[in-house]
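Enquirer: Input file: my_file23.cif. Contents: mmCIF, C-alpha atoms.
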data_target
#
loop_
_atom_site.label_atom_id
_atom_site.label_comp_id
_atom_site.auth_asym_id
_atom_site.auth_seq_id
_atom_site.Cartn_x
_atom_site.Cartn_y
_atom_site.Cartn_z
CA MET Q 5 275.19 -77.03 -64.94
CA LYS Q 6 276.48 -73.96 -63.15
CA ASN Q 7 279.35 -73.66 -65.63
CA PHE Q 8 276.90 -73.97 -68.50
CA LYS Q 9 274.67 -71.21 -67.10
CA PHE Q 10 277.66 -68.99 -66.45
CA LYS Q 11 279.00 -69.47 -69.99
CA THR Q 12 275.55 -68.80 -71.41
CA TYR Q 13 275.36 -65.58 -69.38
CA ILE Q 14 278.80 -64.49 -70.57
CA LEU Q 15 277.87 -65.15 -74.19
CA PHE Q 16 274.63 -63.19 -73.76
CA VAL Q 17 276.39 -60.19 -72.22
CA THR Q 18 279.16 -60.27 -74.82
CA GLY Q 19 276.64 -60.50 -77.64
CA SER Q 20 274.66 -57.60 -76.21
CA ILE Q 21 277.77 -55.42 -75.99
CA LEU Q 22 278.81 -56.23 -79.56
CA LEU Q 23 275.30 -55.54 -80.78
CA ALA Q 24 275.27 -52.19 -78.97
CA LEU Q 25 278.65 -51.25 -80.37
CA SER Q 26 277.50 -52.15 -83.86
CA ALA Q 27 274.35 -50.08 -83.42
CA CYS Q 28 276.41 -47.12 -82.20
CA ARG Q 29 278.65 -47.36 -85.24
CA HIS Q 30 275.79 -47.26 -87.72
CA LYS Q 31 273.44 -45.07 -85.73
CA PRO Q 32 272.75 -41.76 -87.52
CA ASN Q 33 274.52 -38.73 -86.09
CA THR Q 34 271.81 -37.44 -83.77
CA GLU Q 35 274.16 -35.53 -81.47
CA ILE Q 36 273.47 -32.24 -83.22
CA SER Q 37 271.15 -31.01 -85.96
CA ASP Q 38 272.37 -29.87 -89.35
CA ALA Q 39 271.65 -26.27 -88.33
CA GLU Q 40 273.66 -26.64 -85.14
CA LEU Q 41 276.57 -28.07 -87.12
CA LEU Q 42 276.57 -24.93 -89.27
CA HIS Q 43 276.58 -22.77 -86.13
CA ARG Q 44 279.55 -24.67 -84.74
CA ASN Q 45 281.40 -24.39 -88.04
CA VAL Q 46 281.01 -20.60 -88.06
CA ASP Q 47 281.94 -20.29 -84.41
CA LYS Q 48 285.14 -22.28 -85.02
CA LEU Q 49 285.91 -19.89 -87.89
CA THR Q 50 285.30 -16.89 -85.61
CA GLN Q 51 287.73 -18.22 -83.03
CA VAL Q 52 290.42 -18.55 -85.69
CA ILE Q 53 289.72 -15.01 -86.93
CA ILE Q 54 290.20 -13.76 -83.37
CA TYR Q 55 293.36 -15.81 -82.84
CA ASP Q 56 294.90 -14.69 -86.13
CA VAL Q 57 294.01 -11.03 -85.38
CA PHE Q 58 292.51 -10.20 -88.75
CA THR Q 59 291.45 -6.60 -89.20
CA PRO Q 60 287.68 -5.93 -89.29
CA PRO Q 61 287.53 -5.46 -93.09
CA VAL Q 62 289.55 -8.61 -93.73
CA ALA Q 63 287.39 -10.55 -91.29
CA SER Q 64 284.33 -9.53 -93.32
CA ARG Q 65 285.96 -10.97 -96.42
CA ILE Q 66 286.59 -14.26 -94.63
CA TYR Q 67 282.99 -14.47 -93.43
CA GLY Q 68 281.74 -13.51 -96.88
CA TYR Q 69 283.42 -16.18 -98.95
CA THR Q 70 283.13 -19.00 -96.42
CA ASN Q 71 279.44 -18.45 -95.66
CA LEU Q 72 278.55 -18.06 -99.32
CA ALA Q 73 280.23 -21.39 -100.04
CA ALA Q 74 278.36 -23.10 -97.21
CA TYR Q 75 275.00 -21.74 -98.35
CA GLU Q 76 275.54 -22.75 -101.97
CA ALA Q 77 275.95 -26.36 -100.84
CA MET Q 78 273.27 -26.34 -98.14
CA ARG Q 79 270.54 -24.76 -100.29
CA TYR Q 80 270.04 -27.95 -102.28
CA ALA Q 81 268.34 -29.45 -99.24
CA ASN Q 82 265.37 -27.18 -100.04
CA PRO Q 83 264.56 -26.29 -103.69
CA ALA Q 84 262.78 -23.09 -102.56
CA TYR Q 85 266.13 -21.40 -101.92
CA PRO Q 86 267.90 -19.97 -105.00
CA SER Q 87 271.60 -19.54 -105.60
CA LEU Q 88 273.12 -16.35 -104.22
CA ILE Q 89 276.45 -16.48 -106.02
CA ALA Q 90 274.58 -16.68 -109.34
CA GLN Q 91 273.10 -13.28 -108.46
CA LEU Q 92 276.36 -11.71 -107.28
CA ARG Q 93 279.19 -10.17 -109.23
CA ASP Q 94 281.60 -12.41 -111.18
CA PHE Q 95 281.21 -15.70 -109.32
CA GLY Q 96 280.27 -17.70 -112.38
CA THR Q 97 277.80 -20.57 -112.63
CA PRO Q 98 277.47 -22.65 -109.45
CA PRO Q 99 277.81 -26.44 -109.68
CA VAL Q 100 274.76 -28.66 -109.24
CA PRO Q 101 274.40 -32.13 -107.68
CA GLU Q 102 274.10 -35.16 -109.94
CA LYS Q 103 270.49 -36.07 -110.57
CA GLY Q 104 269.27 -39.19 -108.85
CA LYS Q 105 272.33 -39.36 -106.59
CA LYS Q 106 272.25 -39.20 -102.80
CA TYR Q 107 274.01 -36.35 -100.94
CA ASN Q 108 274.38 -35.13 -97.40
CA PHE Q 109 274.25 -31.38 -97.90
CA ALA Q 110 275.24 -30.50 -94.34
CA LEU Q 111 278.48 -32.40 -94.92
CA ALA Q 112 278.89 -30.72 -98.31
CA ALA Q 113 278.32 -27.28 -96.73
CA THR Q 114 280.92 -28.02 -94.08
CA LYS Q 115 283.46 -29.09 -96.69
CA ALA Q 116 282.69 -26.03 -98.83
CA LEU Q 117 283.14 -23.62 -95.90
CA PHE Q 118 286.44 -25.09 -94.77
CA THR Q 119 287.80 -25.49 -98.30
CA VAL Q 120 287.59 -21.71 -98.47
CA ALA Q 121 288.63 -21.10 -94.86
CA HIS Q 122 291.92 -22.96 -95.36
CA LYS Q 123 292.94 -20.45 -98.02
CA VAL Q 124 291.82 -17.23 -96.31
CA THR Q 125 293.02 -17.82 -92.72
CA PHE Q 126 296.34 -18.71 -91.12
CA SER Q 127 295.69 -21.20 -88.31
CA VAL Q 128 294.59 -24.03 -90.58
CA ASP Q 129 295.84 -26.72 -88.19
CA THR Q 130 293.19 -25.66 -85.69
CA LEU Q 131 290.53 -25.86 -88.37
CA GLN Q 132 291.77 -29.23 -89.61
CA LYS Q 133 291.56 -30.81 -86.17
CA TYR Q 134 287.95 -29.69 -85.82
CA GLU Q 135 287.09 -30.78 -89.35
CA ASP Q 136 288.55 -34.24 -88.89
CA GLY Q 137 286.20 -34.78 -85.97
CA VAL Q 138 283.18 -33.77 -88.06
CA TYR Q 139 284.18 -35.83 -91.08
CA SER Q 140 284.86 -38.96 -89.04
CA ARG Q 141 281.30 -38.92 -87.69
CA TYR Q 142 279.84 -38.68 -91.19
CA ARG Q 143 282.20 -41.35 -92.48
CA ASN Q 144 280.76 -43.75 -89.91
CA GLU Q 145 277.11 -42.99 -90.61
CA LEU Q 146 277.03 -42.61 -94.41
CA ASP Q 147 277.66 -45.18 -97.11
CA ASP Q 148 280.98 -44.64 -98.85
CA SER Q 149 279.57 -43.31 -102.12
CA THR Q 150 277.35 -40.71 -100.43
CA TYR Q 151 280.20 -39.57 -98.21
CA VAL Q 152 282.68 -39.22 -101.09
CA ARG Q 153 280.11 -37.56 -103.35
CA SER Q 154 279.09 -35.02 -100.71
CA MET Q 155 282.67 -34.13 -99.86
CA ALA Q 156 283.56 -33.72 -103.55
CA PHE Q 157 280.54 -31.49 -104.15
CA GLY Q 158 281.41 -29.23 -101.22
CA GLU Q 159 285.01 -28.98 -102.37
CA LYS Q 160 283.88 -28.09 -105.90
CA ILE Q 161 281.79 -25.20 -104.60
CA GLY Q 162 284.63 -24.06 -102.35
CA LYS Q 163 287.04 -23.95 -105.28
CA LEU Q 164 284.61 -21.91 -107.37
CA VAL Q 165 284.31 -19.37 -104.56
CA LEU Q 166 288.09 -19.28 -104.13
CA LYS Q 167 288.51 -18.56 -107.84
CA ARG Q 168 286.45 -15.42 -107.37
CA ALA Q 169 288.32 -14.51 -104.17
CA ALA Q 170 291.60 -14.59 -106.09
CA GLN Q 171 290.29 -11.82 -108.37
CA ASP Q 172 288.76 -9.38 -105.85
CA ASN Q 173 291.87 -7.17 -105.63
CA TYR Q 174 292.78 -8.42 -102.15
CA PRO Q 175 296.25 -9.68 -103.19
CA GLN Q 176 296.98 -6.25 -104.68
CA THR Q 177 296.18 -4.53 -101.37
CA ARG Q 178 298.85 -6.49 -99.50
CA GLY Q 179 302.34 -5.09 -99.10
CA LYS Q 180 301.35 -1.48 -99.75
CA PRO Q 181 303.36 1.35 -98.14
CA LYS Q 182 302.17 2.41 -94.68
CA TYR Q 183 299.50 5.06 -94.46
CA LEU Q 184 300.53 7.65 -91.89
CA GLY Q 185 298.04 10.37 -92.75
CA HIS Q 186 298.91 14.05 -92.68
CA ASN Q 187 299.51 16.80 -90.18
CA GLY Q 188 297.21 19.22 -91.99
CA LYS Q 189 294.15 20.78 -90.40
CA ALA Q 190 291.33 18.29 -89.67
CA GLU Q 191 293.34 15.46 -91.24
CA TRP Q 192 293.87 12.03 -89.72
CA ARG Q 193 297.20 11.16 -88.17
CA PRO Q 194 298.20 8.13 -86.00
CA THR Q 195 296.56 8.28 -82.58
CA PRO Q 196 297.61 7.36 -79.04
CA PRO Q 197 298.47 5.15 -77.29
CA ASP Q 198 300.28 3.17 -80.00
CA TYR Q 199 300.28 5.48 -83.02
CA PHE Q 200 299.70 2.63 -85.49
CA ASP Q 201 299.56 3.37 -89.21
CA GLY Q 202 296.19 3.43 -90.96
CA VAL Q 203 294.56 0.00 -91.34
CA GLU Q 204 293.47 -1.26 -94.78
CA TYR Q 205 293.67 2.09 -96.56
CA CYS Q 206 293.12 0.42 -99.95
CA TRP Q 207 289.97 -1.45 -98.91
CA GLY Q 208 287.77 0.82 -101.00
CA THR Q 209 289.36 -0.74 -104.11
CA MET Q 210 288.05 -4.21 -103.23
CA HIS Q 211 285.65 -5.84 -105.68
CA PRO Q 212 282.23 -5.89 -103.93
CA PHE Q 213 279.74 -8.75 -103.92
CA ALA Q 214 276.56 -6.93 -104.91
CA ILE Q 215 276.87 -3.13 -104.90
CA GLN Q 216 278.05 -1.41 -108.07
CA SER Q 217 281.05 0.36 -106.52
CA SER Q 218 282.48 1.70 -103.28
CA GLN Q 219 281.27 5.17 -104.33
CA GLN Q 220 277.65 4.14 -104.91
CA PHE Q 221 276.42 5.59 -101.61
CA LYS Q 222 278.75 8.56 -101.36
CA LEU Q 223 278.58 10.66 -98.19
CA PRO Q 224 278.81 14.46 -97.89
CA HIS Q 225 282.04 16.04 -96.70
CA PRO Q 226 282.43 16.15 -92.90
CA PRO Q 227 282.61 19.56 -91.16
CA ALA Q 228 285.51 21.70 -92.35
CA TYR Q 229 288.29 22.78 -90.00
CA SER Q 230 287.73 25.97 -88.03
CA THR Q 231 289.16 27.52 -84.89
CA ASP Q 232 285.96 29.50 -84.35
CA THR Q 233 284.48 28.22 -81.08
CA ASN Q 234 281.00 28.57 -82.59
CA SER Q 235 281.83 26.54 -85.70
CA VAL Q 236 280.43 23.04 -86.36
CA TYR Q 237 283.97 21.66 -86.31
CA TYR Q 238 284.79 23.02 -82.87
CA GLN Q 239 281.36 22.24 -81.44
CA GLN Q 240 281.50 18.57 -82.50
CA ALA Q 241 284.78 18.13 -80.67
CA LYS Q 242 283.40 19.91 -77.62
CA GLU Q 243 280.34 17.65 -77.73
CA VAL Q 244 282.46 14.49 -77.59
CA TYR Q 245 284.62 15.96 -74.83
CA HIS Q 246 281.70 16.87 -72.58
CA LYS Q 247 279.79 13.69 -73.29
CA ASN Q 248 282.72 11.58 -72.17
CA LYS Q 249 282.78 13.47 -68.88
CA THR Q 250 279.06 12.95 -68.19
CA LEU Q 251 278.41 9.40 -69.36
CA THR Q 252 275.79 7.40 -67.51
CA ALA Q 253 276.50 3.84 -66.38
CA GLY Q 254 274.30 2.58 -69.21
CA GLU Q 255 276.14 4.60 -71.83
CA LYS Q 256 279.50 3.34 -70.58
CA GLN Q 257 278.27 -0.23 -70.75
CA ALA Q 258 276.92 0.28 -74.28
CA ALA Q 259 280.28 1.68 -75.38
CA ARG Q 260 282.20 -1.26 -73.94
CA PHE Q 261 279.66 -3.79 -75.19
CA TRP Q 262 280.01 -2.64 -78.81
CA ASP Q 263 283.74 -1.87 -78.63
CA ASP Q 264 284.71 -4.98 -80.66
CA ASN Q 265 288.31 -3.84 -81.00
CA PRO Q 266 290.08 -7.03 -82.15
CA PHE Q 267 293.45 -5.89 -80.83
CA ALA Q 268 293.13 -3.43 -77.95
CA THR Q 269 296.46 -2.76 -76.22
CA GLN Q 270 296.93 -1.97 -72.56
CA HIS Q 271 299.94 -0.23 -71.07
CA THR Q 272 301.14 -0.68 -67.51
CA GLY Q 273 304.44 1.07 -66.89
CA HIS Q 274 306.88 -0.39 -69.39
CA ILE Q 275 304.68 -3.42 -70.06
CA THR Q 276 302.30 -3.57 -73.01
CA PHE Q 277 299.87 -6.39 -73.70
CA ALA Q 278 296.88 -6.82 -75.99
CA ASN Q 279 293.42 -8.30 -75.60
CA LYS Q 280 292.09 -10.21 -78.59
CA LYS Q 281 288.36 -9.81 -79.11
CA ILE Q 282 285.69 -10.34 -81.69
CA THR Q 283 285.53 -7.95 -84.66
CA PRO Q 284 282.51 -5.69 -85.34
CA GLY Q 285 281.47 -8.02 -88.16
CA GLY Q 286 281.95 -11.03 -85.93
CA HIS Q 287 279.54 -9.46 -83.43
CA TRP Q 288 276.80 -9.33 -86.06
CA ILE Q 289 277.58 -12.87 -87.14
CA GLY Q 290 276.99 -13.76 -83.48
CA ILE Q 291 273.65 -11.94 -83.54
CA THR Q 292 272.74 -13.90 -86.67
CA ALA Q 293 273.37 -17.12 -84.76
CA ILE Q 294 271.16 -15.94 -81.90
CA ALA Q 295 268.29 -15.13 -84.28
CA CYS Q 296 268.55 -18.49 -86.01
CA ARG Q 297 268.62 -20.46 -82.78
CA GLN Q 298 265.83 -18.41 -81.22
CA THR Q 299 263.54 -19.10 -84.19
CA LYS Q 300 264.72 -22.71 -84.54
CA ALA Q 301 265.67 -21.97 -88.14
CA ASP Q 302 266.48 -25.04 -90.19
CA ALA Q 303 269.87 -25.57 -91.77
CA VAL Q 304 269.06 -23.93 -95.11
CA LYS Q 305 267.64 -20.75 -93.58
CA THR Q 306 270.55 -20.67 -91.14
CA ALA Q 307 273.06 -20.91 -93.99
CA GLN Q 308 271.22 -18.19 -95.89
CA ALA Q 309 271.16 -15.88 -92.85
CA TYR Q 310 274.91 -16.22 -92.39
CA ALA Q 311 275.53 -15.65 -96.11
CA LEU Q 312 273.31 -12.57 -96.40
CA THR Q 313 274.72 -10.97 -93.25
CA SER Q 314 278.22 -11.63 -94.56
CA ILE Q 315 277.42 -10.02 -97.92
CA ALA Q 316 276.10 -6.95 -96.07
CA LEU Q 317 279.23 -6.80 -93.93
CA PHE Q 318 281.64 -7.09 -96.85
CA ASP Q 319 279.99 -4.51 -99.10
CA SER Q 320 279.33 -2.00 -96.32
CA PHE Q 321 282.95 -2.22 -95.15
CA ILE Q 322 284.04 -1.39 -98.69
CA CYS Q 323 281.80 1.69 -98.81
CA SER Q 324 282.81 2.84 -95.33
CA TRP Q 325 286.53 2.42 -95.90
CA GLN Q 326 286.38 4.23 -99.24
CA ALA Q 327 284.90 7.26 -97.48
CA LYS Q 328 287.31 7.01 -94.56
CA TYR Q 329 290.37 7.35 -96.74
CA ASP Q 330 288.76 9.72 -99.24
CA TYR Q 331 288.28 12.25 -96.44
CA SER Q 332 291.03 11.04 -94.06
CA TYR Q 333 289.27 12.89 -91.26
CA ILE Q 334 290.76 13.65 -87.87
CA ARG Q 335 289.84 11.60 -84.78
CA PRO Q 336 288.27 13.26 -81.71
CA VAL Q 337 291.30 12.47 -79.55
CA SER Q 338 293.51 14.47 -81.92
CA GLU Q 339 291.23 17.49 -82.29
CA ILE Q 340 290.39 17.60 -78.57
CA ASN Q 341 294.04 17.29 -77.53
CA GLU Q 342 294.93 20.11 -79.90
CA MET Q 343 292.07 22.52 -79.20
CA ILE Q 344 290.50 21.76 -75.81
CA ASP Q 345 292.41 19.48 -73.42
CA HIS Q 346 295.90 18.21 -74.14
CA TYR Q 347 295.59 15.37 -71.61
CA TRP Q 348 292.14 14.04 -72.50
CA VAL Q 349 291.78 10.36 -73.41
CA PRO Q 350 288.55 8.74 -74.66
CA LEU Q 351 286.73 5.95 -72.83
CA LEU Q 352 287.58 3.50 -75.61
CA GLN Q 353 290.89 3.08 -77.38
CA THR Q 354 290.81 4.83 -80.75
CA PRO Q 355 291.15 2.36 -83.66
CA PRO Q 356 293.95 3.05 -86.18
CA PHE Q 357 292.09 4.47 -89.19
CA PRO Q 358 290.34 7.75 -90.13
CA GLU Q 359 287.19 8.88 -88.33
CA TYR Q 360 284.52 9.60 -90.94
CA PRO Q 361 282.20 7.73 -91.22
CA ALA Q 362 281.89 5.37 -88.23
CA GLY Q 363 282.57 1.93 -89.69
CA HIS Q 364 280.82 -0.01 -86.92
CA ALA Q 365 277.70 2.11 -87.42
CA ASP Q 366 277.92 1.44 -91.15
CA ILE Q 367 278.16 -2.35 -91.04
CA SER Q 368 275.60 -2.52 -88.22
CA GLY Q 369 273.05 -0.60 -90.27
CA ALA Q 370 273.54 -2.93 -93.23
CA SER Q 371 273.34 -6.09 -91.09
CA ALA Q 372 270.25 -4.89 -89.24
CA ILE Q 373 268.38 -4.28 -92.51
CA VAL Q 374 269.15 -7.79 -93.74
CA LEU Q 375 268.28 -9.51 -90.46
CA THR Q 376 265.04 -7.52 -90.16
CA ARG Q 377 264.01 -8.83 -93.58
CA MET Q 378 264.74 -12.39 -92.52
CA PHE Q 379 263.32 -12.41 -88.98
CA GLY Q 380 260.91 -9.48 -88.70
CA ASP Q 381 260.62 -5.82 -87.66
CA ASN Q 382 260.12 -6.30 -83.93
CA PHE Q 383 262.42 -9.21 -83.24
CA SER Q 384 263.29 -9.03 -79.54
CA PHE Q 385 266.51 -10.77 -78.55
CA ARG Q 386 269.14 -10.88 -75.85
CA ASP Q 387 272.59 -10.37 -77.32
CA THR Q 388 274.94 -12.76 -75.53
CA THR Q 389 277.67 -12.54 -78.18
CA GLU Q 390 280.03 -10.56 -75.94
CA ARG Q 391 279.58 -12.68 -72.84
CA ARG Q 392 282.71 -14.73 -73.47
CA TYR Q 393 284.81 -11.71 -74.43
CA VAL Q 394 283.86 -8.87 -72.08
CA GLY Q 395 281.31 -10.57 -69.80
CA LEU Q 396 278.37 -8.39 -70.91
CA GLU Q 397 274.89 -9.02 -72.32
CA ARG Q 398 272.26 -6.59 -73.57
CA SER Q 399 268.65 -6.93 -74.72
CA PHE Q 400 267.10 -5.22 -77.75
CA PRO Q 401 263.55 -4.94 -79.13
CA SER Q 402 264.75 -5.15 -82.74
CA PHE Q 403 267.83 -5.38 -84.94
CA LEU Q 404 267.47 -1.75 -85.98
CA LYS Q 405 267.38 -0.61 -82.34
CA ALA Q 406 270.53 -2.62 -81.72
CA SER Q 407 272.21 -0.98 -84.72
CA GLN Q 408 271.18 2.47 -83.49
CA GLU Q 409 272.79 1.78 -80.12
CA THR Q 410 275.87 0.50 -81.93
CA ALA Q 411 276.18 3.78 -83.80
CA MET Q 412 275.80 5.92 -80.68
CA SER Q 413 278.17 3.70 -78.70
CA ARG Q 414 281.06 5.04 -80.78
CA PHE Q 415 280.13 8.57 -79.72
CA TYR Q 416 279.84 7.45 -76.07
CA GLY Q 417 283.24 5.82 -76.36
CA GLY Q 418 284.82 9.09 -77.50
CA ILE Q 419 286.18 7.66 -80.72
CA HIS Q 420 283.70 9.24 -83.15
CA ASN Q 421 281.82 12.47 -83.61
CA LYS Q 422 278.03 12.07 -83.52
CA ASN Q 423 277.74 13.16 -87.16
CA SER Q 424 280.02 10.32 -88.25
CA CYS Q 425 277.90 7.81 -86.36
CA LEU Q 426 274.69 9.01 -87.97
CA LYS Q 427 276.15 9.21 -91.47
CA GLY Q 428 277.76 5.79 -91.15
CA ALA Q 429 274.47 4.22 -90.08
CA GLU Q 430 272.71 5.96 -92.98
CA GLN Q 431 275.19 4.59 -95.50
CA GLY Q 432 274.97 1.09 -94.04
CA ARG Q 433 271.17 1.04 -94.25
CA ALA Q 434 271.41 2.16 -97.88
CA VAL Q 435 273.73 -0.76 -98.63
CA GLY Q 436 271.42 -3.21 -96.85
CA ASN Q 437 268.33 -1.98 -98.70
CA TYR Q 438 270.14 -2.17 -102.02
CA LEU Q 439 271.14 -5.78 -101.37
CA LEU Q 440 267.56 -6.75 -100.60
CA SER Q 441 266.27 -4.98 -103.71
CA ARG Q 442 268.75 -6.84 -105.89
CA LEU Q 443 268.82 -10.36 -104.43
CA LYS Q 444 266.07 -12.95 -104.74
CA LEU Q 445 265.99 -14.87 -101.45
CA SER Q 446 263.28 -17.45 -102.07
CA ASN Q 447 261.47 -19.08 -104.95
CA HIS Q 448 258.14 -18.82 -103.10
#
Show me the file's structure as structure tokens.

Expert:
Amino acid sequence: MKNFKFKTYILFVTGSILLALSACRHKPNTEISDAELLHRNVDKLTQVIIYDVFTPPVASRIYGYTNLAAYEAMRYANPAYPSLIAQLRDFGTPPVPEKGKKYNFALAATKALFTVAHKVTFSVDTLQKYEDGVYSRYRNELDDSTYVRSMAFGEKIGKLVLKRAAQDNYPQTRGKPKYLGHNGKAEWRPTPPDYFDGVEYCWGTMHPFAIQSSQQFKLPHPPAYSTDTNSVYYQQAKEVYHKNKTLTAGEKQAARFWDDNPFATQHTGHITFANKKITPGGHWIGITAIACRQTKADAVKTAQAYALTSIALFDSFICSWQAKYDYSYIRPVSEINEMIDHYWVPLLQTPPFPEYPAGHADISGASAIVLTRMFGDNFSFRDTTERRYVGLERSFPSFLKASQETAMSRFYGGIHNKNSCLKGAEQGRAVGNYLLSRLKLSNH
């Protein structure tokens, strides 16, 4: 009798375990929401962008195509959201799901994003390892036909986006001769400490997503060279010089918080090493994530927020870089070393490209306009994006206030004249407003 009871107990326990294992296998993936999956996908992409050390303009291109692909798949989960690529330049007609067929659009969006990411980044093995983990979970929870159909749909969208990416003039900008500037008055030349050549000097020739051309929001000429100590040229250099000597603790923190130099070098004796950090565009992608999570945005709105911010980043970088190399304007460190103090160094390391306008101010203005439209005028948030990179956080009462601090942070850091910060922000806001006037965001 005891043996019978024991065997019965063993069979009961074994059956319970098998039942539990079976339930786990077929239990829907409730670990994370669809929106959170999209956040994790973008964060994985950001980490690869940092690791591969893409320049800020190139990073904006990566975010642009990948996030557009993800949105075009995800939007079918809510018919109120229209296609974006159908409204943009030269993407063609987006594919549509088969009527009456079942899809998992979060899976399709993931496949679309990484189909593009594999062709526009380098460290694809890192992406593939992450993807395999995502796909295996869906493979266990979905029936075979839904899984295969969703993956195929995402890949189809990704390939359409890649077709457009192959024709945006990016391949033609690779392998160009180095841009070393000029030694003329008020002209950009490589800056200390590393004297790198100018980054992405052909970026103004890139084919934009929505704006008509890189010259659409043309800026006035920056102050002309003058040795007159009362001239605008001399006074702007003097203003940067004195500001850097009288910075408050808050201004120093703002400068470091918005630095976003993806490859800042440090020199100690004969040793040089570099810190890899997030790009300026990546910082605003991080802010987009914060806004979506704070408002508990669903997956479709989350995908749209990433896509719209990415469009703003890409097009505003094109405008900014066109102006930078049109004017090829001198950096404060060069003009101050030549006219005021030969040994002066700015708080932040000067990036290797011309000064006017301030690119970070430009893309921040564009991003802030888009995010304000999506989440409201007085959207208070705590920006934790930089916590993992420089250990800092800052709070803002709105996206526009954050973008204004971004612009001024370049002046605090000693890497831009104030005029360049203000003009860059002005151009960026113009780009953002144009995008919103052109794009239909909802069918409501």

Enquirer: For the structure shown, which residues end up in the PyMOL selection byres ((chain Q and resi 99) around 10)? Put them as a PDB file with C-alpha atoms, keeping the file's coordinate frame, please?

Expert:
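Output saved as out-v9.pdb:
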ATOM      1  CA  GLU Q  76     275.540 -22.750-101.970  1.00  0.00           C
ATOM      2  CA  ALA Q  77     275.950 -26.360-100.840  1.00  0.00           C
ATOM      3  CA  GLY Q  96     280.270 -17.700-112.380  1.00  0.00           C
ATOM      4  CA  THR Q  97     277.800 -20.570-112.630  1.00  0.00           C
ATOM      5  CA  PRO Q  98     277.470 -22.650-109.450  1.00  0.00           C
ATOM      6  CA  VAL Q 100     274.760 -28.660-109.240  1.00  0.00           C
ATOM      7  CA  PRO Q 101     274.400 -32.130-107.680  1.00  0.00           C
ATOM      8  CA  GLU Q 102     274.100 -35.160-109.940  1.00  0.00           C
ATOM      9  CA  PHE Q 157     280.540 -31.490-104.150  1.00  0.00           C
ATOM     10  CA  GLY Q 158     281.410 -29.230-101.220  1.00  0.00           C
ATOM     11  CA  LYS Q 160     283.880 -28.090-105.900  1.00  0.00           C
ATOM     12  CA  ILE Q 161     281.790 -25.200-104.600  1.00  0.00           C
ATOM     13  CA  LEU Q 164     284.610 -21.910-107.370  1.00  0.00           C
TER      14      LEU Q 164
END

Enquirer: In terms of the shortest atom-to-atom distance over all atoms listed in the file, which of Q:Ala63, Q:Val236, Q:Leu111, Q:Cys425 is closest to Met412 in chain Q?

Expert: Q:Cys425

Enquirer: Find the residues near Ala327 in chain Q: any atom within 8 Å, counting all atoms listed in the file, skip ones fewer than 4 places away on the same chain, and give them as a ChimeraX atom specification.

Expert: /Q:208,222-223,323,331-332,360-361

Enquirer: Identify which of the residues Q:Leu351, Q:Ile315, Q:Ala73, Q:Ala253 lies closest to Ile289 in chain Q, counting all atoms listed in the file when measuring atom-to-atom distances.

Expert: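 Closest to Ile289 in chain Q of all the choices is Q:Ile315.
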
Enquirer: What is the distance between CA of Tyr134 in chain Q and CA of Gln51 in chain Q, in Å to one decimal?

Expert: 11.8 Å

Enquirer: Which residues are close to Leu445 in chain Q, i.e. within 9 Å by all atoms listed in the file, leaving aside same-chain residues fewer than 6 positions away? Reply as a PyMOL selection string.

Expert: chain Q and resi 84-88+308

Enquirer: So that I can see what lies close to Asn45 in chain Q, please list as a list of chain:residue names the residues with an atom at most 10 Å from it, counting only C-alpha atoms and leaving out residues fewer than 5 positions away in the same chain.

Expert: Q:Ala39, Q:Glu40, Q:Thr50, Q:Asn71, Q:Ala74, Q:Ala113, Q:Thr114, Q:Leu117, Q:Phe118, Q:Leu131, Q:Tyr134, Q:Glu135, Q:Val138

Enquirer: Starting from the PyMOL selection byres ((chain Q and resi 215) around 12), expand the selection into actual residues of this file and give them as an NGL selection string.

Expert: :Q and (91-93 or 210-214 or 216-221 or 315-323 or 432 or 434-443)
